[in-house]
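Q: Compact mmCIF, C-alpha atoms and all ligand atoms, file structure_37.txt:
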```
# COMPACT_ATOMS: atom_id res chain seq x y z
CA MET A 451 0.00 0.00 0.00
CA LYS A 452 1.13 3.53 -0.76
CA ILE A 453 -0.15 6.70 0.85
CA ILE A 454 0.05 9.66 -1.48
CA THR A 455 -1.32 13.17 -1.70
CA MET A 456 -1.62 15.98 -4.21
CA TYR A 457 -0.73 18.92 -2.04
CA ASN A 458 -0.11 22.63 -2.40
CA ASN A 459 -0.61 25.29 0.25
CA LYS A 460 -2.54 27.38 -2.30
CA GLY A 461 -6.28 26.92 -2.71
CA GLY A 462 -8.00 26.46 -6.05
CA VAL A 463 -4.99 25.08 -7.93
CA GLY A 464 -6.60 21.71 -8.71
CA LYS A 465 -5.72 19.45 -5.78
CA THR A 466 -9.16 17.89 -5.44
CA THR A 467 -9.65 17.67 -9.22
CA SER A 468 -6.33 15.82 -9.41
CA VAL A 469 -7.20 13.50 -6.51
CA ILE A 470 -10.50 12.57 -8.19
CA ASN A 471 -9.09 12.00 -11.69
CA ILE A 472 -5.99 10.17 -10.49
CA ALA A 473 -8.11 7.92 -8.24
CA TYR A 474 -10.27 7.14 -11.26
CA SER A 475 -7.27 6.27 -13.46
CA LEU A 476 -5.85 4.10 -10.67
CA SER A 477 -9.16 2.26 -10.39
CA LYS A 478 -9.07 1.61 -14.15
CA MET A 479 -5.63 0.08 -13.60
CA ARG A 480 -7.35 -2.33 -11.17
CA LYS A 481 -5.91 -0.62 -8.12
CA LYS A 482 -8.01 -0.41 -5.00
CA VAL A 483 -8.12 3.16 -3.74
CA LEU A 484 -9.29 4.90 -0.58
CA ILE A 485 -9.67 8.68 -0.62
CA MET A 486 -9.51 10.34 2.77
CA ASP A 487 -11.03 13.80 2.71
CA PHE A 488 -9.33 16.07 5.24
CA ASP A 489 -10.63 19.30 3.76
CA GLU A 490 -13.44 21.01 5.62
CA GLN A 491 -14.88 22.05 2.24
CA ARG A 492 -15.70 18.34 1.74
CA ASN A 493 -15.37 18.61 -2.05
CA SER A 494 -14.19 15.07 -2.66
CA SER A 495 -16.74 13.62 -0.20
CA ARG A 496 -19.48 15.44 -2.12
CA PHE A 497 -18.15 14.25 -5.45
CA PHE A 498 -18.10 10.59 -4.49
CA LEU A 499 -21.20 10.26 -2.31
CA GLU A 500 -24.78 10.86 -3.39
CA ASP A 501 -26.54 13.82 -1.72
CA GLY A 502 -28.00 12.71 1.59
CA ASP A 503 -25.67 9.73 1.92
CA ASP A 504 -24.25 10.29 5.36
CA ARG A 505 -22.01 7.25 5.60
CA GLY A 506 -18.54 8.22 6.75
CA TYR A 507 -16.67 5.35 5.15
CA ALA A 508 -18.20 3.80 2.08
CA PRO A 509 -17.75 2.34 -1.39
CA THR A 510 -18.51 4.80 -4.18
CA ARG A 511 -20.25 4.45 -7.55
CA TYR A 512 -16.80 3.51 -8.89
CA GLU A 513 -15.61 -0.01 -8.52
CA ASN A 514 -12.38 0.01 -6.47
CA ILE A 515 -12.81 3.54 -5.08
CA PHE A 516 -13.77 4.06 -1.45
CA ILE A 517 -14.21 7.32 0.39
CA MET A 518 -13.74 8.38 3.97
CA THR A 519 -15.48 11.70 4.48
CA TYR A 520 -14.11 14.77 6.23
CA ASP A 521 -16.28 14.21 9.30
CA GLU A 522 -15.15 10.61 9.64
CA CYS A 523 -11.46 11.47 9.17
CA ILE A 524 -11.61 14.24 11.75
CA GLN A 525 -13.64 12.16 14.21
CA LYS A 526 -11.07 9.40 13.92
CA ARG A 527 -8.32 11.88 14.67
CA LYS A 528 -10.18 13.09 17.76
CA ASN A 529 -10.79 9.53 18.97
CA ILE A 530 -7.12 8.68 18.72
CA GLN A 531 -6.22 11.85 20.58
CA MET A 532 -8.71 11.10 23.35
CA LYS A 533 -7.65 7.47 23.60
CA VAL A 534 -4.01 8.29 24.15
CA GLY A 535 -4.68 11.54 25.99
CA LEU A 536 -2.92 13.76 23.53
CA ASP A 537 -3.03 17.47 23.31
CA PRO A 538 -4.29 18.07 19.75
CA GLU A 539 -2.05 21.09 19.34
CA TYR A 540 1.27 19.58 20.32
CA ASP A 541 1.64 15.83 20.43
CA THR A 542 1.99 15.45 16.71
CA PHE A 543 4.63 12.77 16.88
CA GLU A 544 2.73 10.35 19.13
CA PHE A 545 -0.41 11.08 17.18
CA ALA A 546 1.43 10.20 13.97
CA ASN A 547 2.41 6.80 15.38
CA GLN A 548 -1.11 5.98 16.48
CA TYR A 549 -2.56 7.17 13.24
CA THR A 550 -0.11 5.16 11.19
CA ASP A 551 -1.00 2.05 13.19
CA TRP A 552 -4.65 2.64 12.51
CA LEU A 553 -4.05 3.17 8.78
CA LYS A 554 -2.10 -0.08 8.66
CA GLN A 555 -5.00 -1.94 10.30
CA LEU A 556 -7.34 -0.40 7.79
CA GLU A 557 -5.13 -1.54 4.95
CA THR A 558 -4.79 -5.07 6.31
CA LYS A 559 -8.56 -5.36 6.44
CA SER A 560 -9.21 -3.89 3.03
CA ASN A 561 -6.13 -4.38 0.85
CA TYR A 562 -5.88 -0.89 -0.48
CA ASP A 563 -3.24 -0.31 -3.12
CA TYR A 564 -3.41 3.45 -2.64
CA ILE A 565 -4.68 5.76 0.06
CA ILE A 566 -4.94 9.32 -1.23
CA PHE A 567 -5.29 12.22 1.18
CA ASP A 568 -7.25 15.20 -0.08
CA LEU A 569 -5.79 17.98 2.06
CA PRO A 570 -6.83 21.56 2.71
CA PRO A 571 -4.56 24.36 1.46
CA ALA A 572 -2.83 25.02 4.76
CA LEU A 573 0.49 24.35 6.40
CA ASN A 574 -0.79 23.67 9.91
CA ASP A 575 -0.19 20.86 12.42
CA LEU A 576 -2.78 18.62 10.82
CA THR A 577 -1.48 18.94 7.26
CA LEU A 578 2.15 18.72 8.35
CA SER A 579 1.58 15.49 10.26
CA LEU A 580 -0.43 14.03 7.37
CA LEU A 581 2.21 15.06 4.84
CA SER A 582 4.85 13.28 6.85
CA PHE A 583 2.81 10.02 6.75
CA CYS A 584 2.78 9.98 2.98
CA ASP A 585 5.02 7.72 0.97
CA TYR A 586 5.01 10.42 -1.68
CA VAL A 587 3.75 13.98 -1.84
CA PHE A 588 3.01 15.31 -5.33
CA VAL A 589 2.56 19.03 -5.79
CA PRO A 590 0.21 20.38 -8.47
CA ILE A 591 1.33 23.76 -9.68
CA GLU A 592 -0.47 26.38 -11.73
CA LEU A 593 2.28 28.30 -13.49
CA GLY A 594 2.95 31.88 -12.46
CA THR A 595 5.91 33.72 -11.00
CA PHE A 596 4.46 33.67 -7.49
CA ALA A 597 3.55 30.00 -7.81
CA ILE A 598 7.12 29.06 -8.74
CA GLN A 599 8.40 31.06 -5.77
CA GLY A 600 5.73 29.41 -3.63
CA ILE A 601 6.71 25.91 -4.61
CA THR A 602 10.20 26.43 -3.20
CA VAL A 603 8.56 27.17 0.14
CA VAL A 604 6.51 23.96 -0.05
CA VAL A 605 9.51 21.84 -1.05
CA THR A 606 11.64 23.26 1.77
CA LYS A 607 8.85 22.63 4.27
CA LEU A 608 8.50 19.05 3.05
CA SER A 609 12.19 18.39 3.60
CA GLU A 610 12.05 20.00 7.07
CA ILE A 611 9.41 17.52 8.16
CA SER A 612 11.11 14.63 6.30
CA ALA A 613 8.16 14.19 3.96
CA LYS A 614 8.97 12.56 0.63
CA PHE A 615 8.56 14.89 -2.30
CA GLY A 616 7.53 12.74 -5.29
CA GLY A 617 7.61 15.65 -7.74
CA CYS A 618 5.44 18.45 -8.98
CA PHE A 619 3.15 18.47 -11.97
CA VAL A 620 1.83 21.39 -13.95
CA VAL A 621 -1.93 21.91 -14.02
CA LYS A 622 -4.09 24.42 -15.93
CA PHE A 623 -1.32 24.87 -18.50
CA ASP A 624 -2.31 27.41 -21.15
CA ASN A 625 -1.03 26.07 -24.50
CA GLU A 626 -1.68 29.39 -26.21
CA ASN A 627 0.25 31.50 -23.75
CA PRO A 628 3.98 31.87 -24.57
CA SER A 629 4.55 32.97 -21.02
CA ASP A 630 3.47 29.53 -19.73
CA TYR A 631 6.21 27.90 -21.84
CA SER A 632 8.86 30.17 -20.40
CA LEU A 633 7.55 29.65 -16.86
CA LEU A 634 7.73 25.91 -17.47
CA ASP A 635 11.42 26.33 -18.35
CA THR A 636 11.97 28.34 -15.18
CA LEU A 637 10.29 25.61 -13.15
CA LYS A 638 12.42 22.90 -14.76
CA ASN A 639 15.55 24.94 -14.10
CA ALA A 640 14.55 25.23 -10.45
CA LEU A 641 13.45 21.63 -9.84
CA GLY A 642 15.01 19.56 -12.64
CA ALA A 643 13.81 15.98 -12.76
CA LYS A 644 11.31 16.64 -9.99
CA VAL A 645 8.99 18.15 -12.61
CA LEU A 646 6.84 15.32 -13.95
CA GLU A 647 6.58 14.99 -17.73
CA SER A 648 2.79 14.92 -17.85
CA ILE A 649 1.15 18.30 -18.10
CA ILE A 650 -2.51 18.88 -17.36
CA PRO A 651 -3.86 21.61 -19.67
CA PHE A 652 -6.29 24.31 -18.70
CA SER A 653 -9.42 22.65 -19.98
CA ARG A 654 -13.16 23.14 -19.97
CA VAL A 655 -13.55 19.38 -20.10
CA ILE A 656 -11.73 19.05 -16.80
CA LYS A 657 -13.50 22.04 -15.25
CA ASN A 658 -17.03 21.18 -16.42
CA SER A 659 -16.81 17.46 -15.78
CA ILE A 660 -16.57 18.06 -12.04
CA SER A 661 -19.81 20.09 -12.12
CA TYR A 662 -21.52 17.05 -13.64
CA ARG A 663 -19.88 14.87 -10.99
CA MET A 664 -17.88 13.03 -13.60
CA THR A 665 -14.19 12.50 -14.15
CA ALA A 666 -12.74 14.10 -17.29
CA ALA A 667 -12.38 10.67 -18.94
CA GLU A 668 -16.03 9.83 -18.34
CA TYR A 669 -17.25 13.23 -19.50
CA MET A 670 -15.52 13.48 -22.92
CA ASP A 671 -13.02 10.73 -23.39
CA TYR A 672 -12.32 11.72 -26.99
CA MET A 673 -10.81 15.05 -25.94
CA VAL A 674 -7.04 15.19 -25.47
CA ALA A 675 -7.37 16.81 -22.04
CA ALA A 676 -9.28 13.79 -20.77
CA GLU A 677 -6.31 11.51 -21.43
CA LYS A 678 -3.86 13.61 -19.53
CA TYR A 679 -4.71 12.41 -16.04
CA GLY A 680 -4.26 8.83 -17.30
CA GLU A 681 -0.73 9.65 -18.43
CA LEU A 682 0.04 11.45 -15.19
CA THR A 683 -1.26 8.51 -13.16
CA LYS A 684 1.05 6.09 -15.02
CA GLU A 685 3.96 8.36 -14.19
CA ILE A 686 2.93 8.52 -10.53
CA VAL A 687 2.59 4.73 -10.34
CA GLY A 688 6.08 4.45 -11.87
CA ILE A 689 7.47 6.58 -9.04
CA CYS A 690 5.52 4.80 -6.28
CA GLU A 691 5.99 1.16 -7.24
N1 LIG A 701 -7.08 21.56 -15.63
C1 LIG A 701 -8.07 22.40 -15.30
N2 LIG A 701 -8.59 23.24 -16.22
C2 LIG A 701 -9.57 24.10 -15.90
N3 LIG A 701 -10.11 24.22 -14.68
C3 LIG A 701 -9.64 23.41 -13.70
C4 LIG A 701 -8.61 22.46 -13.96
N4 LIG A 701 -8.35 21.81 -12.79
C5 LIG A 701 -9.19 22.32 -11.87
N5 LIG A 701 -9.97 23.29 -12.41
C6 LIG A 701 -10.98 24.09 -11.71
O1 LIG A 701 -10.32 24.90 -10.74
C7 LIG A 701 -11.13 25.05 -9.59
C8 LIG A 701 -10.38 24.59 -8.33
O2 LIG A 701 -10.08 23.23 -8.44
P1 LIG A 701 -9.97 22.29 -7.15
O3 LIG A 701 -9.58 20.97 -7.64
O4 LIG A 701 -11.20 22.39 -6.33
O5 LIG A 701 -8.76 22.99 -6.39
P2 LIG A 701 -8.22 22.79 -4.89
O6 LIG A 701 -8.65 21.45 -4.41
O7 LIG A 701 -6.74 22.93 -5.05
O8 LIG A 701 -8.80 23.91 -4.09
C9 LIG A 701 -12.39 24.22 -9.85
O9 LIG A 701 -13.39 25.07 -10.32
C10 LIG A 701 -11.96 23.26 -10.94
O10 LIG A 701 -13.04 22.84 -11.74
MG MG A 702 -9.70 20.86 -2.65
```
Rewrite the coordinates I just gave you, this time as structure tokens.
Ligand SMILES: Nc1ncnc2c1ncn2[C@@H]1O[C@H](COP(=O)(O)OP(=O)(O)O)[C@@H](O)[C@H]1O
Ligand SMILES: [Mg+2]

A:
Amino acid sequence: MKIITMYNNKGGVGKTTSVINIAYSLSKMRKKVLIMDFDEQRNSSRFFLEDGDDRGYAPTRYENIFIMTYDECIQKRKNIQMKVGLDPEYDTFEFANQYTDWLKQLETKSNYDYIIFDLPPALNDLTLSLLSFCDYVFVPIELGTFAIQGITVVVTKLSEISAKFGGCFVVKFDNENPSDYSLLDTLKNALGAKVLESIIPFSRVIKNSISYRMTAAEYMDYMVAAEKYGELTKEIVGICE
């Protein structure tokens, strides 16, 4: 089992969209996936569960994809903290051990190939401890001067907490904007081989599909953009396995 996340401390870059589409591609590769939604906005929980379904841990309409909702993930965290008498603000290390044990039990029972954390855009105690559990942290980046500066901050933070940086991948790439090509060069100069080859374009197919509660590949599989998450997922699997 591998625990991975698509993390960036900026909101709205495409973390949840990436989690959803990558989980879908993994499921098509016959991998069993659990998504754990740690974001109070509950976007991935809402995507995978029907309205009114209040189960906290459930199979989804996709074979091989299971979801644990925000409320369930947070309740579990509180239970562990109460059980071992931890102070939620400080005892991150002991909490991490307990949490890892619990995740391992979960995996033994269910044989997940991948657990994917959908995290909120914050660098707080919760996200830092979750990032350090991950086998690999992948960082989606929407190109821009500030974003490239920002990614250095994220990468430094990851190394400070000994989290494993799997690489970053470009999302919302604008093929018609020369400036995006030069920013891509800047990014590659800064991070070298840590920039994944697959690039997710800015795409209405990707944007609109989510509104219809579909993955890009389900929504319009004949569009180039819809294939891109499949390519990215293969690259991610290559790094993880
Ligand atoms: N490749 C893309 N092209 C166009 N729009 C996108 C793309 N990826 C995500 N979006 C849109 O960007 C917005 C934020 O995406 P989301 O995945 O919720 O970001 P985050 O989880 O990082 O906050 C959503 O409206 C989503 O539909
Ligand atoms: Mg999100």

Q: Write out as JSON, numbers by chain each polymer residue (protein, DNA or RNA) that has an atom no more than 9 Å from ligand MG 702 (chain A), with all atoms listed in the file counted.

A: {"A": [461, 462, 463, 464, 465, 466, 467, 469, 487, 489, 491, 492, 493, 494, 568, 569, 570, 571]}

Q: By how many Å are atom CA of Thr683 of chain A and atom CA of Ser468 of chain A apart?

A: 9.7 Å

Q: Can you measure atom CA of Gln555 of chain A to atom CA of Lys528 of chain A for me? One decimal in Å is fine.

A: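 These two atoms are separated by 17.6 Å.
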
Q: I want to know what sits within 12 Å of Gly600 of chain A, based on all atoms listed in the file, with residues of the same chain fewer than 6 positions away left out; could you give that as an mmCIF file with C-alpha atoms, in the coordinates of the input?

A:
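What ended up in part30.cif:
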```cif
data_model
loop_
_atom_site.group_PDB
_atom_site.id
_atom_site.type_symbol
_atom_site.label_atom_id
_atom_site.label_comp_id
_atom_site.auth_asym_id
_atom_site.auth_seq_id
_atom_site.Cartn_x
_atom_site.Cartn_y
_atom_site.Cartn_z
ATOM 1 C CA ASN A 458 -0.110 22.630 -2.400
ATOM 2 C CA ASN A 459 -0.610 25.290 0.250
ATOM 3 C CA LYS A 460 -2.540 27.380 -2.300
ATOM 4 C CA VAL A 589 2.560 19.030 -5.790
ATOM 5 C CA PRO A 590 0.210 20.380 -8.470
ATOM 6 C CA ILE A 591 1.330 23.760 -9.680
ATOM 7 C CA GLU A 592 -0.470 26.380 -11.730
ATOM 8 C CA LEU A 593 2.280 28.300 -13.490
ATOM 9 C CA GLY A 594 2.950 31.880 -12.460
ATOM 10 C CA THR A 606 11.640 23.260 1.770
ATOM 11 C CA LYS A 607 8.850 22.630 4.270
ATOM 12 C CA LEU A 637 10.290 25.610 -13.150
ATOM 13 C CA ALA A 640 14.550 25.230 -10.450
#
```

Q: Quick one: of A:Tyr549, A:Glu544, A:Glu685, A:Lys452, who's nearest to Asn529 of chain A, counting only C-alpha atoms?

A: A:Tyr549

Q: Enclose all atoms of segment 513-525 of chain A listed in the file in an axis-aligned box, grow every side by 3 Å, and hand back centre and edge lengths in Å to one decimal, as JSON.

A:
```
{"center_x": -13.9, "center_y": 7.4, "center_z": 2.8, "size_x": 10.8, "size_y": 20.8, "size_z": 28.7}
```

Q: Which residue gives the smallest distance to ligand LIG 701 (chain A) among A:Asn639, A:Gln548, A:Asn625, A:Ser477, with only C-alpha atoms and all ligand atoms counted?

A: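 Ranked by minimum distance to ligand LIG 701 (chain A), first place goes to A:Asn625.
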
Q: Could you work out how far atom CA of Lys622 of chain A lies from atom C8 of ligand LIG 701 (chain A), giving the answer in Å with one decimal?

A: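 It comes out at 9.9 Å.
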
Q: Is there a way to get, as a list in words, all residues within 7 Å of the point (-12.7, 12.9, -13.8) in file coordinates, counting all atoms listed in the file?

A: Ile470, Asn471, Tyr474, Ile656, Ser659, Ile660, Met664, Thr665, Ala666, Ala667 and Glu668 of chain A

Q: Residues at most 9 Å from Arg663 of chain A, counting all atoms listed in the file, excluding those fewer than 5 positions away in the same chain, as a list in words?

A: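 Once the nearby chain positions are removed, what remains is Arg496, Phe497, Phe498 and Asn658 of chain A.
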
Q: Just write the chosen residues, C-alpha atoms, as a PDB file, in the frame of the given file.

A:
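Output saved as again06.pdb:
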```pdb
ATOM      1  CA  ARG A 496     -19.480  15.440  -2.120  1.00  0.00           C
ATOM      2  CA  PHE A 497     -18.150  14.250  -5.450  1.00  0.00           C
ATOM      3  CA  PHE A 498     -18.100  10.590  -4.490  1.00  0.00           C
ATOM      4  CA  ASN A 658     -17.030  21.180 -16.420  1.00  0.00           C
TER       5      ASN A 658
END
```

Q: Which residue is closest to Ile515 of chain A? Choose from A:Phe488, A:Phe545, A:Tyr562, A:Tyr669 and count all atoms listed in the file.

A: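 When distances to Ile515 of chain A are compared using all atoms listed in the file, the smallest one comes from A:Tyr562.
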
Q: Using all atoms listed in the file, pick whichever of A:Ser582, A:Ser560, A:Thr636, A:Thr510 has the shortest atom-to-atom distance to Thr595 of chain A.

A: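 When distances to Thr595 of chain A are compared using all atoms listed in the file, the smallest one comes from A:Thr636.
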